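work07.cif follows; it contains mmCIF, C-alpha atoms.
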data_upload
loop_
_atom_site.group_PDB
_atom_site.id
_atom_site.type_symbol
_atom_site.label_atom_id
_atom_site.label_comp_id
_atom_site.auth_asym_id
_atom_site.auth_seq_id
_atom_site.Cartn_x
_atom_site.Cartn_y
_atom_site.Cartn_z
ATOM 1 C CA MET N 1412 1.047 16.129 -74.353
ATOM 2 C CA LEU N 1413 2.800 18.719 -76.479
ATOM 3 C CA GLU N 1414 1.579 22.227 -77.073
ATOM 4 C CA TYR N 1415 2.633 24.750 -79.722
ATOM 5 C CA ARG N 1416 1.748 28.431 -79.377
ATOM 6 C CA VAL N 1417 0.491 29.807 -82.716
ATOM 7 C CA THR N 1418 -0.447 33.279 -81.399
ATOM 8 C CA ASP N 1419 -0.693 34.851 -77.922
ATOM 9 C CA ARG N 1420 -4.111 33.226 -77.448
ATOM 10 C CA LEU N 1421 -4.164 30.235 -79.839
ATOM 11 C CA ARG N 1422 -2.322 26.928 -79.324
ATOM 12 C CA VAL N 1423 -2.293 23.531 -81.014
ATOM 13 C CA THR N 1424 -2.003 20.501 -78.727
ATOM 14 C CA THR N 1425 -1.358 16.855 -79.495
ATOM 15 C CA GLY N 1426 0.087 13.842 -77.762
ATOM 16 C CA LEU N 1427 -0.559 10.260 -76.791
ATOM 17 C CA LEU N 1428 -2.921 9.161 -74.010
ATOM 18 C CA ARG N 1429 -3.541 5.600 -72.882
ATOM 19 C CA SER N 1430 -6.699 4.709 -71.015
ATOM 20 C CA THR N 1431 -8.845 1.761 -70.032
ATOM 21 C CA LYS N 1432 -12.573 2.202 -70.330
ATOM 22 C CA ARG N 1433 -14.946 -0.153 -68.529
ATOM 23 C CA TYR N 1434 -18.611 0.091 -69.410
ATOM 24 C CA MET N 1435 -21.929 -1.668 -69.843
ATOM 25 C CA ALA N 1436 -23.886 -1.336 -73.091
ATOM 26 C CA ARG N 1437 -27.495 -2.293 -73.626
ATOM 27 C CA ARG N 1438 -28.071 -5.119 -76.087
ATOM 28 C CA GLU N 1439 -29.768 -2.760 -78.537
ATOM 29 C CA ASP N 1440 -26.759 -0.383 -78.439
ATOM 30 C CA TYR N 1441 -24.298 -3.117 -79.425
ATOM 31 C CA ASP N 1442 -23.702 -4.126 -83.066
ATOM 32 C CA PHE N 1443 -23.136 -7.875 -83.334
ATOM 33 C CA GLY N 1444 -22.640 -7.685 -87.098
ATOM 34 C CA SER N 1445 -22.822 -11.017 -88.894
ATOM 35 C CA TYR N 1446 -23.386 -12.858 -85.582
ATOM 36 C CA SER N 1447 -26.784 -11.221 -84.978
ATOM 37 C CA TYR N 1448 -28.636 -14.228 -86.410
ATOM 38 C CA ALA N 1449 -27.045 -16.526 -83.788
ATOM 39 C CA LEU N 1450 -28.468 -14.424 -80.937
ATOM 40 C CA THR N 1451 -32.165 -14.723 -81.744
ATOM 41 C CA HIS N 1452 -32.696 -17.409 -79.043
ATOM 42 C CA ARG N 1453 -30.399 -15.882 -76.424
ATOM 43 C CA TYR N 1454 -32.005 -13.666 -73.790
ATOM 44 C CA PHE N 1455 -29.739 -11.015 -72.246
ATOM 45 C CA LYS N 1456 -30.018 -7.334 -71.410
ATOM 46 C CA ASP N 1457 -26.513 -5.939 -71.688
ATOM 47 C CA VAL N 1458 -22.888 -6.476 -72.650
ATOM 48 C CA ASP N 1459 -19.985 -5.785 -70.282
ATOM 49 C CA GLY N 1460 -16.985 -4.211 -71.984
ATOM 50 C CA SER N 1461 -13.423 -3.237 -71.220
ATOM 51 C CA CYS N 1462 -11.166 -1.524 -73.761
ATOM 52 C CA THR N 1463 -7.569 -0.362 -73.539
ATOM 53 C CA ILE N 1464 -7.209 2.562 -75.923
ATOM 54 C CA LEU N 1465 -4.423 4.703 -77.336
ATOM 55 C CA ASP N 1466 -5.894 8.169 -77.868
ATOM 56 C CA VAL N 1467 -4.116 10.576 -80.241
ATOM 57 C CA PRO N 1468 -5.801 14.001 -79.943
ATOM 58 C CA ILE N 1469 -5.323 17.081 -82.103
ATOM 59 C CA ASN N 1470 -6.882 20.098 -80.389
ATOM 60 C CA LEU N 1471 -7.020 23.869 -80.760
ATOM 61 C CA ARG N 1472 -6.863 25.781 -77.485
ATOM 62 C CA TYR N 1473 -8.016 29.382 -77.241
ATOM 63 C CA ASP N 1474 -7.179 31.492 -74.166
ATOM 64 C CA ILE N 1475 -10.410 33.348 -73.374
ATOM 65 C CA VAL N 1476 -9.073 35.309 -70.374
ATOM 66 C CA THR N 1477 -5.371 36.089 -69.975
ATOM 67 C CA GLN N 1478 -3.929 37.604 -66.814
ATOM 68 C CA PRO N 1479 -0.301 37.725 -65.592
ATOM 69 C CA ASN N 1480 -0.758 34.697 -63.276
ATOM 70 C CA TYR N 1481 -3.607 32.743 -64.871
ATOM 71 C CA ARG N 1482 -5.535 31.929 -68.030
ATOM 72 C CA LEU N 1483 -9.021 30.593 -68.693
ATOM 73 C CA PHE N 1484 -9.270 28.633 -71.923
ATOM 74 C CA GLY N 1485 -11.472 26.513 -74.131
ATOM 75 C CA SER N 1486 -10.340 23.681 -76.352
ATOM 76 C CA ALA N 1487 -11.875 21.641 -79.168
ATOM 77 C CA GLY N 1488 -10.531 19.016 -81.525
ATOM 78 C CA LEU N 1489 -10.604 15.431 -82.688
ATOM 79 C CA SER N 1490 -9.076 12.209 -81.391
ATOM 80 C CA SER N 1491 -8.082 9.052 -83.199
ATOM 81 C CA TYR N 1492 -8.603 5.879 -81.148
ATOM 82 C CA PHE N 1493 -6.402 2.822 -81.571
ATOM 83 C CA MET N 1494 -8.035 -0.056 -79.703
ATOM 84 C CA GLN N 1495 -5.242 -2.146 -78.162
ATOM 85 C CA ARG N 1496 -7.270 -4.722 -76.244
ATOM 86 C CA GLU N 1497 -11.036 -5.213 -76.258
ATOM 87 C CA GLN N 1498 -12.882 -7.639 -73.997
ATOM 88 C CA TYR N 1499 -16.629 -8.212 -74.040
ATOM 89 C CA GLY N 1500 -18.975 -10.603 -72.308
ATOM 90 C CA TYR N 1501 -22.572 -11.257 -71.431
ATOM 91 C CA ASP N 1502 -24.592 -13.720 -69.375
ATOM 92 C CA TYR N 1503 -27.548 -15.177 -71.240
ATOM 93 C CA VAL N 1504 -30.326 -17.742 -71.127
ATOM 94 C CA GLU N 1505 -30.873 -19.878 -74.226
ATOM 95 C CA TYR N 1506 -33.598 -22.551 -74.318
ATOM 96 C CA ASN N 1507 -33.929 -22.239 -70.505
ATOM 97 C CA ARG N 1508 -30.185 -22.886 -69.967
ATOM 98 C CA PRO N 1509 -27.842 -20.236 -68.561
ATOM 99 C CA GLY N 1510 -24.599 -19.489 -70.333
ATOM 100 C CA ARG N 1511 -21.793 -16.978 -70.668
ATOM 101 C CA TRP N 1512 -20.190 -15.597 -73.817
ATOM 102 C CA ASP N 1513 -16.775 -13.877 -73.747
ATOM 103 C CA GLY N 1514 -14.934 -12.453 -76.724
ATOM 104 C CA GLY N 1515 -12.503 -9.795 -77.715
ATOM 105 C CA ALA N 1516 -9.896 -8.449 -80.070
ATOM 106 C CA VAL N 1517 -6.283 -7.258 -79.946
ATOM 107 C CA ASN N 1518 -5.062 -4.333 -82.088
ATOM 108 C CA LYS N 1519 -7.971 -4.778 -84.473
ATOM 109 C CA ASN N 1520 -9.995 -1.546 -84.507
ATOM 110 C CA ARG N 1521 -8.844 1.956 -85.408
ATOM 111 C CA HIS N 1522 -11.049 5.023 -85.513
ATOM 112 C CA LEU N 1523 -9.293 7.941 -87.202
ATOM 113 C CA PHE N 1524 -10.704 11.288 -86.013
ATOM 114 C CA GLY N 1525 -13.725 9.430 -84.601
ATOM 115 C CA VAL N 1526 -14.061 11.317 -81.302
ATOM 116 C CA LEU N 1527 -14.880 14.991 -80.651
ATOM 117 C CA ASN N 1528 -12.912 16.573 -77.772
ATOM 118 C CA LEU N 1529 -14.349 19.538 -75.841
ATOM 119 C CA SER N 1530 -12.914 21.146 -72.718
ATOM 120 C CA LEU N 1531 -12.652 24.280 -70.575
ATOM 121 C CA GLY N 1532 -9.694 24.909 -68.321
ATOM 122 C CA TYR N 1533 -7.772 27.019 -65.863
ATOM 123 C CA GLU N 1534 -3.976 27.446 -65.965
ATOM 124 C CA HIS N 1535 -2.033 29.085 -63.113
ATOM 125 C CA SER N 1536 1.530 30.299 -63.818
ATOM 126 C CA PHE N 1537 4.257 30.277 -61.160
ATOM 127 C CA ASN N 1538 6.837 31.940 -63.423
ATOM 128 C CA ASN N 1539 7.722 32.130 -67.143
ATOM 129 C CA ARG N 1540 8.368 28.370 -67.354
ATOM 130 C CA TRP N 1541 6.217 26.496 -64.816
ATOM 131 C CA SER N 1542 2.437 26.296 -64.485
ATOM 132 C CA VAL N 1543 -0.325 23.925 -63.378
ATOM 133 C CA GLN N 1544 -3.678 23.412 -65.000
ATOM 134 C CA ALA N 1545 -7.044 21.745 -64.482
ATOM 135 C CA GLU N 1546 -9.141 20.956 -67.536
ATOM 136 C CA PRO N 1547 -12.614 19.337 -67.337
ATOM 137 C CA TYR N 1548 -13.293 17.551 -70.630
ATOM 138 C CA ALA N 1549 -15.828 15.527 -72.593
ATOM 139 C CA LYS N 1550 -15.035 13.042 -75.375
ATOM 140 C CA LEU N 1551 -18.016 12.426 -77.658
ATOM 141 C CA PRO N 1552 -18.033 9.696 -80.333
ATOM 142 C CA LEU N 1553 -18.655 10.632 -83.957
ATOM 143 C CA CYS N 1554 -18.915 6.940 -84.927
ATOM 144 C CA GLY N 1555 -19.402 3.562 -83.281
ATOM 145 C CA LEU N 1556 -16.244 2.399 -81.486
ATOM 146 C CA GLY N 1557 -14.672 -1.032 -81.122
ATOM 147 C CA MET N 1558 -16.015 -4.439 -82.146
ATOM 148 C CA GLY N 1559 -19.552 -3.583 -81.074
ATOM 149 C CA LYS N 1560 -19.588 -0.116 -82.636
ATOM 150 C CA VAL N 1561 -20.692 1.325 -79.282
ATOM 151 C CA ARG N 1562 -21.259 5.088 -78.891
ATOM 152 C CA LEU N 1563 -18.678 5.290 -76.090
ATOM 153 C CA SER N 1564 -18.435 8.759 -74.544
ATOM 154 C CA SER N 1565 -16.336 9.788 -71.558
ATOM 155 C CA ALA N 1566 -15.713 12.778 -69.310
ATOM 156 C CA GLY N 1567 -13.253 13.708 -66.627
ATOM 157 C CA VAL N 1568 -10.629 16.233 -65.580
ATOM 158 C CA PHE N 1569 -7.084 16.463 -66.898
ATOM 159 C CA LEU N 1570 -4.662 17.707 -64.230
ATOM 160 C CA GLY N 1571 -1.199 18.725 -65.313
ATOM 161 C CA VAL N 1572 2.094 20.380 -64.559
ATOM 162 C CA LYS N 1573 3.535 22.287 -67.523
ATOM 163 C CA TYR N 1574 7.025 23.386 -68.430
ATOM 164 C CA GLY N 1575 7.491 25.928 -71.236
ATOM 165 C CA PHE N 1576 10.581 26.216 -73.428
#

Output the file's structure as structure tokens, nothing else.
Amino acid sequence: MLEYRVTDRLRVTTGLLRSTKRYMARREDYDFGSYSYALTHRYFKDVDGSCTILDVPINLRYDIVTQPNYRLFGSAGLSSYFMQREQYGYDYVEYNRPGRWDGGAVNKNRHLFGVLNLSLGYEHSFNNRWSVQAEPYAKLPLCGLGMGKVRLSSAGVFLGVKYGF
């Protein structure tokens, strides 16, 4: 991640993150597109998914509290997702026979500015150059993501060591 200080309290951050998201989506939350007609006789409840994603965020960070050794901040912005590898599958019963469907895509789906990023964080400075930070975040979809157009949200904590120039 790269960060550019605009003012004493405002920064712009961007970078490149790579993640793998594993999830389960209900059948009704998954968009099968033109294949929907072929599923009318297949009984299944959910779809298992795994996606490897390149995430390119553009965020604004505002330092809410600034002290000599620490800062509390909030951040908001948008991410573009570039789906590198998508894998999907489901177990089904069709005409009383069990079966399994597996499918996927490679480098097929891109979602420009399709995810809202929200976070709050704490940064502790050791000196003028070095600091550490912890930043709980949420990533909320603004559109359906991947082949199935799933509303894939995520949350976690970014932990980092920072060096300032």

List, as a CSV table (one decimal) with C-alpha atoms, in the coordinates of the input, every residue that the PyMOL selection byres ((chain N and resi 1496-1503) around 7) selects in the file provided.
chain,number,residue,atom,x,y,z
N,1453,ARG,CA,-30.4,-15.9,-76.4
N,1454,TYR,CA,-32.0,-13.7,-73.8
N,1455,PHE,CA,-29.7,-11.0,-72.2
N,1457,ASP,CA,-26.5,-5.9,-71.7
N,1458,VAL,CA,-22.9,-6.5,-72.6
N,1459,ASP,CA,-20.0,-5.8,-70.3
N,1460,GLY,CA,-17.0,-4.2,-72.0
N,1461,SER,CA,-13.4,-3.2,-71.2
N,1462,CYS,CA,-11.2,-1.5,-73.8
N,1463,THR,CA,-7.6,-0.4,-73.5
N,1494,MET,CA,-8.0,-0.1,-79.7
N,1495,GLN,CA,-5.2,-2.1,-78.2
N,1504,VAL,CA,-30.3,-17.7,-71.1
N,1505,GLU,CA,-30.9,-19.9,-74.2
N,1509,PRO,CA,-27.8,-20.2,-68.6
N,1510,GLY,CA,-24.6,-19.5,-70.3
N,1511,ARG,CA,-21.8,-17.0,-70.7
N,1512,TRP,CA,-20.2,-15.6,-73.8
N,1513,ASP,CA,-16.8,-13.9,-73.7
N,1514,GLY,CA,-14.9,-12.5,-76.7
N,1515,GLY,CA,-12.5,-9.8,-77.7
N,1516,ALA,CA,-9.9,-8.4,-80.1
N,1517,VAL,CA,-6.3,-7.3,-79.9
N,1518,ASN,CA,-5.1,-4.3,-82.1

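Picture a line from atom CA of His1535 of chain N to atom CA of Leu1551 of chain N; it runs 27.3 Å.
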
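Put simply, atom CA of Lys1432 of chain N is 28.3 Å away from atom CA of Thr1451 of chain N.
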
Result set, the PyMOL selection byres ((chain N and resi 1439) around 12) on current file, as number ranges by chain: N: 1435-1438, 1440-1443, 1447, 1450, 1455-1458, 1559-1562

Hey, which bits of segment 1442-1474 of chain N sit within 10 Å of segment 1519-1530 of chain N, and for each residue what's the closest pair of atoms and how far apart in Å (one decimal), counting only C-alpha atoms, rows by chain and increasing number, as JSON lines?
{"residue": "N:Ile1464", "atom": "CA", "partner": "N:Arg1521", "partner_atom": "CA", "distance": 9.6}
{"residue": "N:Leu1465", "atom": "CA", "partner": "N:Arg1521", "partner_atom": "CA", "distance": 9.6}
{"residue": "N:Asp1466", "atom": "CA", "partner": "N:Val1526", "partner_atom": "CA", "distance": 9.4}
{"residue": "N:Val1467", "atom": "CA", "partner": "N:Phe1524", "partner_atom": "CA", "distance": 8.8}
{"residue": "N:Pro1468", "atom": "CA", "partner": "N:Asn1528", "partner_atom": "CA", "distance": 7.9}
{"residue": "N:Ile1469", "atom": "CA", "partner": "N:Asn1528", "partner_atom": "CA", "distance": 8.8}
{"residue": "N:Asn1470", "atom": "CA", "partner": "N:Asn1528", "partner_atom": "CA", "distance": 7.5}
{"residue": "N:Leu1471", "atom": "CA", "partner": "N:Leu1529", "partner_atom": "CA", "distance": 9.8}
{"residue": "N:Arg1472", "atom": "CA", "partner": "N:Ser1530", "partner_atom": "CA", "distance": 9.0}

Resolved residues for the PyMOL selection byres ((chain N and resi 1549) around 6) as a PyMOL selection string: chain N and resi 1529+1548+1550+1565-1566

Mind dumping the selected residues with C-alpha atoms as a CSV table (one decimal), keeping the file's coordinate frame?
chain,number,residue,atom,x,y,z
N,1529,LEU,CA,-14.3,19.5,-75.8
N,1548,TYR,CA,-13.3,17.6,-70.6
N,1550,LYS,CA,-15.0,13.0,-75.4
N,1565,SER,CA,-16.3,9.8,-71.6
N,1566,ALA,CA,-15.7,12.8,-69.3
